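entry-v4.tsv (TSV, C-alpha atoms)
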```
chain	number	residue	atom	x	y	z
P	8	MET	CA	61.12	103.02	18.69
P	9	LEU	CA	61.24	99.94	16.76
P	10	HIS	CA	58.60	97.20	17.17
P	11	CYS	CA	59.51	93.64	16.29
P	12	PHE	CA	56.87	91.31	15.06
P	13	HIS	CA	57.39	87.60	15.11
P	14	PHE	CA	55.47	85.45	12.69
P	15	ARG	CA	54.99	81.72	13.14
P	16	VAL	CA	54.59	79.75	9.99
P	17	PHE	CA	52.21	76.85	10.25
P	18	SER	CA	52.31	74.11	7.73
P	19	LYS	CA	49.08	73.55	5.92
P	20	MET	CA	48.20	69.94	6.71
P	21	PRO	CA	44.78	68.48	5.85
P	22	LEU	CA	42.68	67.57	8.81
P	23	ALA	CA	41.14	64.06	8.63
P	24	VAL	CA	37.59	64.11	9.88
P	25	ALA	CA	36.07	60.68	10.53
P	26	GLU	CA	32.60	60.29	9.20
P	27	PRO	CA	30.10	58.99	11.71
P	28	THR	CA	29.17	55.35	11.19
P	29	LEU	CA	25.97	53.55	12.05
P	30	SER	CA	27.60	51.62	14.86
P	31	SER	CA	29.08	54.78	16.42
P	32	LEU	CA	25.73	56.50	16.29
P	33	GLN	CA	24.18	53.52	17.99
P	34	ASP	CA	26.81	53.57	20.73
P	35	LYS	CA	26.25	57.30	21.24
P	36	SER	CA	22.52	56.86	21.32
P	37	LYS	CA	22.88	54.30	24.07
P	38	HIS	CA	24.86	56.74	26.28
P	39	LEU	CA	22.86	59.78	25.32
P	40	GLN	CA	20.83	60.98	28.27
P	41	LEU	CA	17.83	62.97	27.24
P	42	PRO	CA	15.41	64.65	29.56
P	43	MET	CA	12.13	63.00	30.39
P	44	ALA	CA	10.30	65.28	28.05
P	45	ASP	CA	12.35	64.06	25.14
P	46	LYS	CA	11.57	60.36	25.56
P	47	GLU	CA	9.54	60.36	22.40
P	48	VAL	CA	12.45	61.88	20.50
P	49	GLN	CA	14.74	59.24	21.95
P	50	LYS	CA	12.40	56.47	20.83
P	51	LYS	CA	12.17	57.89	17.34
P	52	MET	CA	15.94	58.12	17.06
P	53	GLN	CA	16.40	54.57	18.25
P	54	SER	CA	13.80	53.39	15.80
P	55	LEU	CA	15.55	55.24	13.01
P	56	LEU	CA	18.93	53.88	13.94
P	57	GLY	CA	17.65	50.43	14.69
P	58	SER	CA	19.95	47.42	14.74
P	59	PRO	CA	22.32	46.66	11.94
P	60	SER	CA	20.39	44.47	9.54
P	61	THR	CA	22.25	41.79	7.67
P	62	PRO	CA	20.64	40.24	4.60
P	63	SER	CA	19.44	36.70	5.32
P	64	PRO	CA	20.83	34.15	2.94
P	65	SER	CA	18.38	32.43	0.66
P	66	SER	CA	17.56	28.73	0.90
P	67	SER	CA	19.55	28.04	-2.27
P	68	GLU	CA	22.64	29.73	-0.76
P	69	ILE	CA	22.25	27.71	2.43
P	70	GLU	CA	21.99	24.45	0.48
P	71	LYS	CA	24.96	25.55	-1.65
P	72	HIS	CA	27.33	26.28	1.22
P	73	THR	CA	26.08	23.64	3.66
P	74	PRO	CA	27.72	20.26	3.20
P	75	GLN	CA	25.04	17.60	2.77
P	76	SER	CA	25.25	13.90	3.16
P	77	ALA	CA	23.61	11.50	0.71
P	78	GLY	CA	20.70	10.94	3.06
P	79	SER	CA	19.98	14.65	3.67
P	80	ARG	CA	20.02	15.34	-0.06
P	81	PHE	CA	16.80	13.38	-0.46
P	82	SER	CA	15.07	15.45	2.22
P	83	SER	CA	16.18	18.92	1.12
P	84	LEU	CA	13.68	21.60	0.20
P	85	SER	CA	14.67	21.78	-3.45
P	86	PHE	CA	14.48	18.01	-3.82
P	87	ASN	CA	11.09	17.81	-2.10
P	88	ARG	CA	9.66	20.46	-4.42
P	89	LEU	CA	10.39	18.15	-7.35
P	90	TRP	CA	9.65	14.92	-5.48
P	91	ARG	CA	6.15	15.76	-4.22
P	92	PRO	CA	4.35	16.03	-7.64
P	93	ALA	CA	5.92	12.76	-8.79
P	94	ALA	CA	4.96	11.06	-5.52
P	95	GLN	CA	1.40	12.36	-5.81
P	96	ARG	CA	1.01	10.95	-9.32
P	97	ASN	CA	2.43	7.61	-8.24
P	98	LEU	CA	0.13	7.33	-5.20
P	99	ARG	CA	-2.94	8.16	-7.26
P	100	ASN	CA	-2.05	5.50	-9.81
P	101	GLN	CA	-1.33	2.83	-7.18
P	102	TRP	CA	-4.54	3.42	-5.25
P	103	LEU	CA	-6.59	3.42	-8.43
P	104	ARG	CA	-5.02	0.04	-9.17
P	105	LEU	CA	-6.00	-1.17	-5.71
P	106	VAL	CA	-9.61	-0.18	-6.38
P	107	SER	CA	-9.49	-2.06	-9.68
P	108	PHE	CA	-8.07	-5.19	-8.04
P	109	LYS	CA	-10.68	-5.01	-5.28
P	110	ASP	CA	-13.43	-4.93	-7.89
P	111	GLN	CA	-11.79	-7.82	-9.74
P	112	TRP	CA	-11.72	-9.84	-6.53
P	113	LEU	CA	-15.42	-9.27	-5.92
P	114	SER	CA	-16.27	-10.27	-9.48
P	115	ILE	CA	-14.10	-13.40	-9.43
P	116	SER	CA	-15.37	-14.40	-6.01
P	117	SER	CA	-18.97	-14.04	-7.17
P	118	SER	CA	-18.43	-16.18	-10.26
P	119	GLY	CA	-16.45	-18.71	-8.21
P	120	ARG	CA	-19.35	-19.02	-5.77
P	121	LEU	CA	-21.70	-19.78	-8.66
P	122	HIS	CA	-19.36	-22.51	-9.91
P	123	ALA	CA	-19.02	-23.90	-6.40
P	124	THR	CA	-22.80	-23.95	-5.97
P	125	SER	CA	-23.22	-25.79	-9.26
P	126	LEU	CA	-20.53	-28.26	-8.22
P	127	VAL	CA	-22.26	-28.95	-4.89
P	128	ASN	CA	-25.67	-29.36	-6.54
P	129	THR	CA	-24.42	-31.84	-9.14
P	130	HIS	CA	-22.52	-33.73	-6.45
P	131	LEU	CA	-25.59	-34.06	-4.25
P	132	SER	CA	-27.71	-35.08	-7.21
P	133	GLU	CA	-25.23	-37.81	-8.09
P	134	ARG	CA	-25.02	-38.91	-4.47
P	135	TYR	CA	-28.78	-39.26	-3.99
P	136	ILE	CA	-29.85	-40.44	-7.43
P	137	PRO	CA	-29.58	-44.18	-6.57
P	138	ASP	CA	-32.23	-43.72	-3.87
P	139	MET	CA	-34.50	-41.40	-5.85
P	140	ASP	CA	-37.91	-42.50	-6.97
P	141	LEU	CA	-37.83	-41.93	-10.72
P	142	GLY	CA	-41.44	-42.95	-11.25
P	143	ALA	CA	-42.12	-44.00	-14.83
P	144	LEU	CA	-38.48	-43.34	-15.76
P	145	SER	CA	-37.38	-46.18	-13.48
P	146	LYS	CA	-38.47	-48.68	-16.16
P	147	MET	CA	-35.85	-47.27	-18.57
P	148	LEU	CA	-32.73	-49.41	-18.62
P	149	GLU	CA	-29.51	-47.94	-17.18
P	150	ILE	CA	-31.08	-44.51	-16.72
P	151	ARG	CA	-29.52	-44.12	-13.29
P	152	LEU	CA	-26.09	-45.08	-14.60
P	153	LYS	CA	-26.27	-42.65	-17.53
P	154	ALA	CA	-27.54	-39.88	-15.27
P	155	CYS	CA	-24.65	-40.45	-12.87
P	156	GLU	CA	-22.14	-40.35	-15.72
P	157	LYS	CA	-23.55	-37.08	-16.99
P	158	LEU	CA	-23.54	-35.55	-13.52
P	159	SER	CA	-19.95	-36.70	-13.07
P	160	ARG	CA	-18.89	-34.91	-16.26
P	161	GLN	CA	-20.67	-31.79	-15.08
P	162	GLN	CA	-18.81	-32.00	-11.79
P	163	ASP	CA	-15.49	-32.13	-13.61
P	164	LEU	CA	-16.46	-29.02	-15.57
P	165	HIS	CA	-17.53	-27.07	-12.46
P	166	ARG	CA	-14.47	-28.30	-10.58
P	167	ARG	CA	-12.17	-26.84	-13.23
P	168	LYS	CA	-14.07	-23.56	-13.13
P	169	VAL	CA	-13.78	-23.37	-9.34
P	170	LEU	CA	-10.05	-24.00	-9.57
P	171	SER	CA	-9.75	-21.35	-12.29
P	172	SER	CA	-11.54	-18.84	-10.08
P	173	TYR	CA	-9.18	-19.61	-7.22
P	174	ARG	CA	-6.18	-19.16	-9.51
P	175	ASP	CA	-7.49	-15.77	-10.64
P	176	MET	CA	-7.91	-14.70	-7.01
P	177	VAL	CA	-4.30	-15.67	-6.29
P	178	MET	CA	-3.20	-13.44	-9.16
P	179	VAL	CA	-5.28	-10.55	-7.80
P	180	ILE	CA	-3.63	-10.84	-4.37
P	181	SER	CA	-0.22	-10.99	-6.03
P	182	HIS	CA	-0.96	-7.72	-7.84
P	183	MET	CA	-2.20	-6.12	-4.61
P	184	VAL	CA	1.03	-7.04	-2.82
P	185	ASN	CA	3.04	-5.52	-5.67
P	186	VAL	CA	1.03	-2.30	-5.38
P	187	CYS	CA	1.82	-2.08	-1.65
P	188	GLY	CA	5.52	-2.26	-2.49
P	189	SER	CA	5.32	0.37	-5.24
P	190	MET	CA	4.03	3.39	-3.33
P	191	ARG	CA	7.41	5.00	-2.69
P	192	CYS	CA	9.02	7.38	-5.17
P	193	PHE	CA	12.79	7.13	-5.59
P	194	SER	CA	15.25	9.42	-7.31
P	195	LYS	CA	16.64	8.12	-10.59
P	196	GLY	CA	19.90	9.02	-12.22
P	197	PRO	CA	23.12	10.66	-10.95
P	198	SER	CA	22.87	13.20	-8.15
P	199	GLY	CA	24.61	15.95	-10.11
P	200	SER	CA	22.37	15.66	-13.14
P	201	PRO	CA	20.26	18.80	-13.90
P	202	LEU	CA	17.38	16.53	-14.98
P	203	VAL	CA	15.70	14.91	-11.97
P	204	GLN	CA	13.78	11.71	-12.64
P	205	PHE	CA	11.89	9.35	-10.36
P	206	SER	CA	11.03	5.67	-10.37
P	207	SER	CA	9.51	3.01	-8.12
P	208	GLN	CA	12.82	1.17	-7.74
P	209	PRO	CA	15.62	2.52	-5.51
P	210	GLU	CA	19.02	3.20	-7.01
P	211	ASP	CA	20.59	4.67	-3.86
P	212	GLU	CA	20.52	2.85	-0.54
P	213	SER	CA	20.23	6.14	1.34
P	214	ASP	CA	17.07	7.10	-0.57
P	215	ALA	CA	14.05	5.93	1.45
P	216	GLY	CA	11.61	7.10	-1.21
P	217	ASP	CA	9.35	8.86	1.31
P	218	GLY	CA	10.62	12.42	0.97
P	219	GLY	CA	11.93	12.41	4.51
P	220	GLY	CA	8.49	11.62	5.94
P	221	ILE	CA	6.77	14.81	4.75
P	222	ALA	CA	3.09	14.93	3.86
P	223	VAL	CA	2.51	14.08	0.21
P	224	PHE	CA	-0.86	15.78	-0.18
P	225	SER	CA	-2.21	17.40	2.99
P	226	PHE	CA	-1.50	15.33	6.10
P	227	MET	CA	-0.53	11.74	5.28
P	228	SER	CA	3.00	10.59	4.51
P	229	ILE	CA	4.09	7.65	2.38
P	230	PRO	CA	4.29	5.24	5.39
P	231	ALA	CA	0.73	6.20	6.35
P	232	PHE	CA	-0.54	5.27	2.88
P	233	GLU	CA	1.43	2.03	3.02
P	234	GLN	CA	-0.06	1.14	6.39
P	235	LEU	CA	-3.61	1.51	5.06
P	236	ALA	CA	-2.78	-0.51	1.96
P	237	GLU	CA	-1.22	-3.29	4.01
P	238	GLU	CA	-4.29	-3.47	6.23
P	239	LEU	CA	-6.44	-3.75	3.13
P	240	VAL	CA	-4.34	-6.45	1.48
P	241	LYS	CA	-4.08	-8.45	4.71
P	242	MET	CA	-7.85	-8.92	4.82
P	243	PHE	CA	-7.95	-10.23	1.25
P	244	SER	CA	-4.90	-12.44	1.82
P	245	LEU	CA	-6.47	-14.11	4.85
P	246	GLU	CA	-9.64	-14.66	2.86
P	247	LEU	CA	-7.61	-16.28	0.08
P	248	CYS	CA	-6.34	-18.87	2.58
P	249	MET	CA	-9.94	-19.56	3.59
P	250	LYS	CA	-10.94	-19.89	-0.06
P	251	ARG	CA	-8.11	-22.38	-0.59
P	252	LEU	CA	-9.47	-24.59	2.18
P	253	ILE	CA	-12.95	-24.54	0.63
P	254	VAL	CA	-11.51	-25.30	-2.81
P	255	LEU	CA	-9.59	-28.22	-1.31
P	256	GLU	CA	-12.81	-29.67	0.06
P	257	LEU	CA	-14.72	-29.09	-3.17
P	258	LEU	CA	-12.03	-30.70	-5.29
P	259	SER	CA	-12.33	-33.87	-3.21
P	260	LEU	CA	-16.03	-34.30	-3.98
P	261	SER	CA	-16.83	-37.46	-5.92
P	262	CYS	CA	-19.29	-40.33	-5.67
P	263	ASN	CA	-17.99	-42.26	-8.63
P	264	GLU	CA	-15.13	-44.50	-7.52
P	265	ALA	CA	-13.90	-44.99	-11.07
P	266	ALA	CA	-13.76	-41.26	-11.70
P	267	ASN	CA	-12.19	-40.70	-8.30
P	268	ALA	CA	-9.43	-43.16	-9.17
P	269	GLN	CA	-8.62	-41.27	-12.39
P	270	ARG	CA	-8.66	-37.82	-10.79
P	271	PRO	CA	-5.76	-36.85	-8.49
P	272	THR	CA	-6.63	-36.23	-4.86
P	273	PHE	CA	-5.24	-33.19	-3.07
P	274	VAL	CA	-3.97	-32.47	0.40
P	275	TRP	CA	-3.13	-29.09	1.88
P	276	VAL	CA	0.59	-29.20	1.02
P	277	ASP	CA	-0.04	-30.08	-2.63
P	278	GLU	CA	-0.03	-27.62	-5.50
P	279	PHE	CA	-3.49	-27.20	-6.97
P	280	TYR	CA	-1.92	-26.07	-10.23
P	281	GLN	CA	1.59	-25.62	-11.56
P	282	GLY	CA	3.30	-22.54	-10.17
P	283	GLU	CA	0.83	-21.99	-7.33
P	284	PHE	CA	3.48	-22.07	-4.62
P	285	ASP	CA	5.59	-19.48	-6.45
P	286	GLU	CA	2.62	-17.15	-6.62
P	287	LEU	CA	1.77	-17.75	-2.95
P	288	THR	CA	5.37	-16.96	-2.05
P	289	THR	CA	4.98	-13.63	-3.86
P	290	CYS	CA	1.86	-13.01	-1.79
P	291	ASN	CA	3.73	-13.89	1.45
P	292	LEU	CA	1.33	-16.80	1.97
P	293	PHE	CA	3.81	-19.67	1.80
P	294	SER	CA	5.52	-21.08	4.88
P	295	GLU	CA	9.04	-22.39	4.43
P	296	GLU	CA	8.82	-24.00	7.85
P	297	ASN	CA	5.79	-26.12	6.96
P	298	CYS	CA	6.80	-26.44	3.29
P	299	GLY	CA	3.31	-25.44	2.28
P	300	PRO	CA	0.79	-22.59	2.19
P	301	LEU	CA	-0.12	-20.76	5.37
P	302	PHE	CA	-3.03	-22.30	7.23
P	303	PRO	CA	-6.36	-20.46	7.26
P	304	LYS	CA	-6.84	-17.95	10.04
P	305	MET	CA	-9.79	-15.96	11.32
P	306	ASN	CA	-9.85	-13.61	14.31
P	307	GLY	CA	-6.36	-14.75	15.26
P	308	CYS	CA	-7.40	-18.42	15.39
P	309	GLU	CA	-5.39	-20.57	13.00
P	310	LEU	CA	-6.24	-24.07	11.85
P	311	ASP	CA	-3.47	-26.63	12.16
P	312	SER	CA	-2.55	-29.43	9.80
P	313	CYS	CA	-4.38	-32.04	11.90
P	314	SER	CA	-7.66	-30.16	11.64
P	315	ILE	CA	-7.29	-29.78	7.88
P	316	ILE	CA	-6.56	-33.50	7.47
P	317	LYS	CA	-9.71	-34.33	9.40
P	318	LEU	CA	-11.68	-31.99	7.15
P	319	ASN	CA	-10.32	-33.65	4.02
P	320	SER	CA	-13.08	-36.27	3.83
P	321	VAL	CA	-16.39	-36.56	2.03
P	322	PRO	CA	-18.52	-33.81	3.64
P	323	ASP	CA	-22.24	-34.17	4.24
P	324	ARG	CA	-24.92	-31.87	2.90
P	325	GLU	CA	-24.93	-29.48	5.87
P	326	THR	CA	-21.17	-29.09	5.73
P	327	LEU	CA	-21.30	-28.24	2.04
P	328	GLN	CA	-23.90	-25.58	2.79
P	329	VAL	CA	-21.53	-24.09	5.37
P	330	TYR	CA	-18.73	-24.00	2.77
P	331	LEU	CA	-20.94	-22.13	0.31
P	332	ALA	CA	-22.09	-19.71	3.00
P	333	ALA	CA	-18.48	-19.05	4.05
P	334	TRP	CA	-17.54	-18.40	0.41
P	335	LEU	CA	-20.40	-15.91	0.11
P	336	VAL	CA	-19.88	-14.11	3.42
P	337	GLU	CA	-16.06	-13.82	3.20
P	338	PRO	CA	-15.59	-13.53	6.99
P	339	ASN	CA	-12.01	-12.22	6.82
P	340	ILE	CA	-12.98	-9.16	4.74
P	341	ASN	CA	-14.62	-6.30	6.63
P	342	MET	CA	-16.24	-4.44	3.76
P	343	SER	CA	-17.19	-1.47	5.93
P	344	ARG	CA	-13.54	-1.05	6.90
P	345	VAL	CA	-12.53	-1.43	3.25
P	346	GLU	CA	-14.87	1.39	2.30
P	347	GLN	CA	-13.54	3.53	5.17
P	348	ILE	CA	-9.97	3.09	3.95
P	349	PHE	CA	-10.82	4.06	0.39
P	350	ALA	CA	-12.91	7.01	1.60
P	351	ALA	CA	-10.05	8.32	3.77
P	352	VAL	CA	-7.54	8.01	0.94
P	353	SER	CA	-9.97	9.59	-1.50
P	354	ALA	CA	-10.47	12.59	0.77
P	355	GLU	CA	-6.71	12.98	1.28
P	356	MET	CA	-5.87	12.83	-2.44
P	357	HIS	CA	-9.04	14.60	-3.66
P	358	VAL	CA	-9.68	11.72	-6.05
P	359	ASN	CA	-12.85	9.66	-6.38
P	360	LEU	CA	-11.86	6.06	-5.66
P	361	SER	CA	-15.34	4.59	-5.59
```
Give the structure from this file in structure tokens form.
Amino acid sequence: MLHCFHFRVFSKMPLAVAEPTLSSLQDKSKHLQLPMADKEVQKKMQSLLGSPSTPSPSSSEIEKHTPQSAGSRFSSLSFNRLWRPAAQRNLRNQWLRLVSFKDQWLSISSSGRLHATSLVNTHLSERYIPDMDLGALSKMLEIRLKACEKLSRQQDLHRRKVLSSYRDMVMVISHMVNVCGSMRCFSKGPSGSPLVQFSSQPEDESDAGDGGGIAVFSFMSIPAFEQLAEELVKMFSLELCMKRLIVLELLSLSCNEAANAQRPTFVWVDEFYQGEFDELTTCNLFSEENCGPLFPKMNGCELDSCSIIKLNSVPDRETLQVYLAAWLVEPNINMSRVEQIFAAVSAEMHVNLS
């Protein structure tokens, strides 16, 4: 009995086995139902699998692939890292200059008050010398005339010194105004240059010079520093207008008609010296509407031209004392507020400004 055996030949083909991926394991773990006792195991597995983590791009890669406009370039992180040290140096220098100009103002104002006091004293002596009882000196011929001539020459000397003090104060205010406009830090040079430089003058209209409003030191931004500086300069500017009115009255003092005829008389719209109006324009103290300097103001009350014209006459003794007291007191300058401003800035910048 013959037995037939049939053999099937199978081709040897490689079997492709797909390796498990992280996403497939996650999907399976979501559908995997484990008993209540294995909750801890399930939590461990999910923690091991976790969520697919993708590396976060760095700030340099974001800035590289993100299109930036000209304005956003000056507020980027990389730009601010270079801008902040330069802005800090500039602010320290400008505020140290403000302290120096404040001290110069106080010194010039003090010396100007001394010259004004000497001018008033010599003027009153000349005014009252004809009625003075000279005692034994009255028998000397022409002693009153010679005394008046000498006092008149002294008045001219003190008058020039008062005017010189006023001119120096105008220059101080001009420097203060320039400092207020130099607190911003602008980028200098082409945008693609590897060397970043900064200056106080803008070269790009889109560059505001404030670093996008960020804090320069700890809390305060560039506009905050500018606001404090403008408040400071405004007080000194208003006081300069008051000083100009006092100088106008002092320059008109004279008892000698002959000397008064030789010396030019001033009104409010006249230049006290050559180039004064240009300097006042720089200080924002010149009015194009009135074609003259801004009128004095105190506590929001402004003198008009009519009041100044009425004042432009020979003042009596009491009025001259008021002028000297006003020069000394400087009513438009709140020194306690000035010290508060410098103390706040000093604490912010960690620099001694006193």
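Among P:Leu113, P:Arg134, P:Leu121, P:Val276, the residue with the shortest atom-to-atom distance to Glu296 (chain P), counting all atoms listed in the file, is P:Val276.
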Please provide as a CSV table (one decimal) with C-alpha atoms, in the coordinates of the input all residues within 10 Å of region 346-361 of chain P, with the sequence filter that same-chain residues fewer than 6 positions apart are discarded (counting only C-alpha atoms).
```
chain,number,residue,atom,x,y,z
P,95,GLN,CA,1.4,12.4,-5.8
P,96,ARG,CA,1.0,11.0,-9.3
P,98,LEU,CA,0.1,7.3,-5.2
P,99,ARG,CA,-2.9,8.2,-7.3
P,102,TRP,CA,-4.5,3.4,-5.2
P,103,LEU,CA,-6.6,3.4,-8.4
P,104,ARG,CA,-5.0,0.0,-9.2
P,105,LEU,CA,-6.0,-1.2,-5.7
P,106,VAL,CA,-9.6,-0.2,-6.4
P,107,SER,CA,-9.5,-2.1,-9.7
P,110,ASP,CA,-13.4,-4.9,-7.9
P,223,VAL,CA,2.5,14.1,0.2
P,224,PHE,CA,-0.9,15.8,-0.2
P,225,SER,CA,-2.2,17.4,3.0
P,226,PHE,CA,-1.5,15.3,6.1
P,227,MET,CA,-0.5,11.7,5.3
P,232,PHE,CA,-0.5,5.3,2.9
P,235,LEU,CA,-3.6,1.5,5.1
P,236,ALA,CA,-2.8,-0.5,2.0
P,238,GLU,CA,-4.3,-3.5,6.2
P,239,LEU,CA,-6.4,-3.8,3.1
```
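In this comparison, which uses only C-alpha atoms, the residue of P:His122, P:Lys195, P:Lys241, P:Arg324 approaching Leu170 (chain P) most closely is P:His122.
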Quiz item: If you count all atoms listed in the file, which residues fall within 8 Å of Asn339 (chain P), apart from same-chain ones fewer than 3 positions away, as a list in words?
Solution: Met242, Phe243, Leu245, Glu246, Met305 and Asn306 of chain P
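The nearest approach to Glu337 (chain P) among the residues P:Lys146, P:Arg191, P:Arg120, P:Arg151, with all atoms listed in the file taken into account, belongs to P:Arg120.
Computed from the coordinates, the CA of Val345 (chain P) to CA of Glu309 (chain P) distance equals 22.6 Å.
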Centre, x/y/z edge lengths, axis-aligned box for region 96-101 of chain P with 4 Å per side, as lines of an AutoDock Vina configuration file:
```
center_x = -0.3
center_y = 6.9
center_z = -7.5
size_x = 13.4
size_y = 16.1
size_z = 12.6
```
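With distances taken over all atoms listed in the file, P:His165 is the one residue among P:Arg174, P:Lys304, P:Lys250, P:His165 lying closest to Ser125 (chain P).
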Self-check item: Between CA of His182 (chain P) and CA of Phe302 (chain P) - distance in Å to one decimal
Solution: 21.1 Å
Exercise. Would you mind reading off the distance between CA of Ala93 (chain P) and CA of Gly220 (chain P), one decimal, in Å?
Key: 15.0 Å
Quiz item: When distances are computed from only C-alpha atoms, which of P:Gly218, P:Gly188, P:Pro230, P:Pro92 shows the smallest separation from Cys290 (chain P)?
Solution: P:Gly188
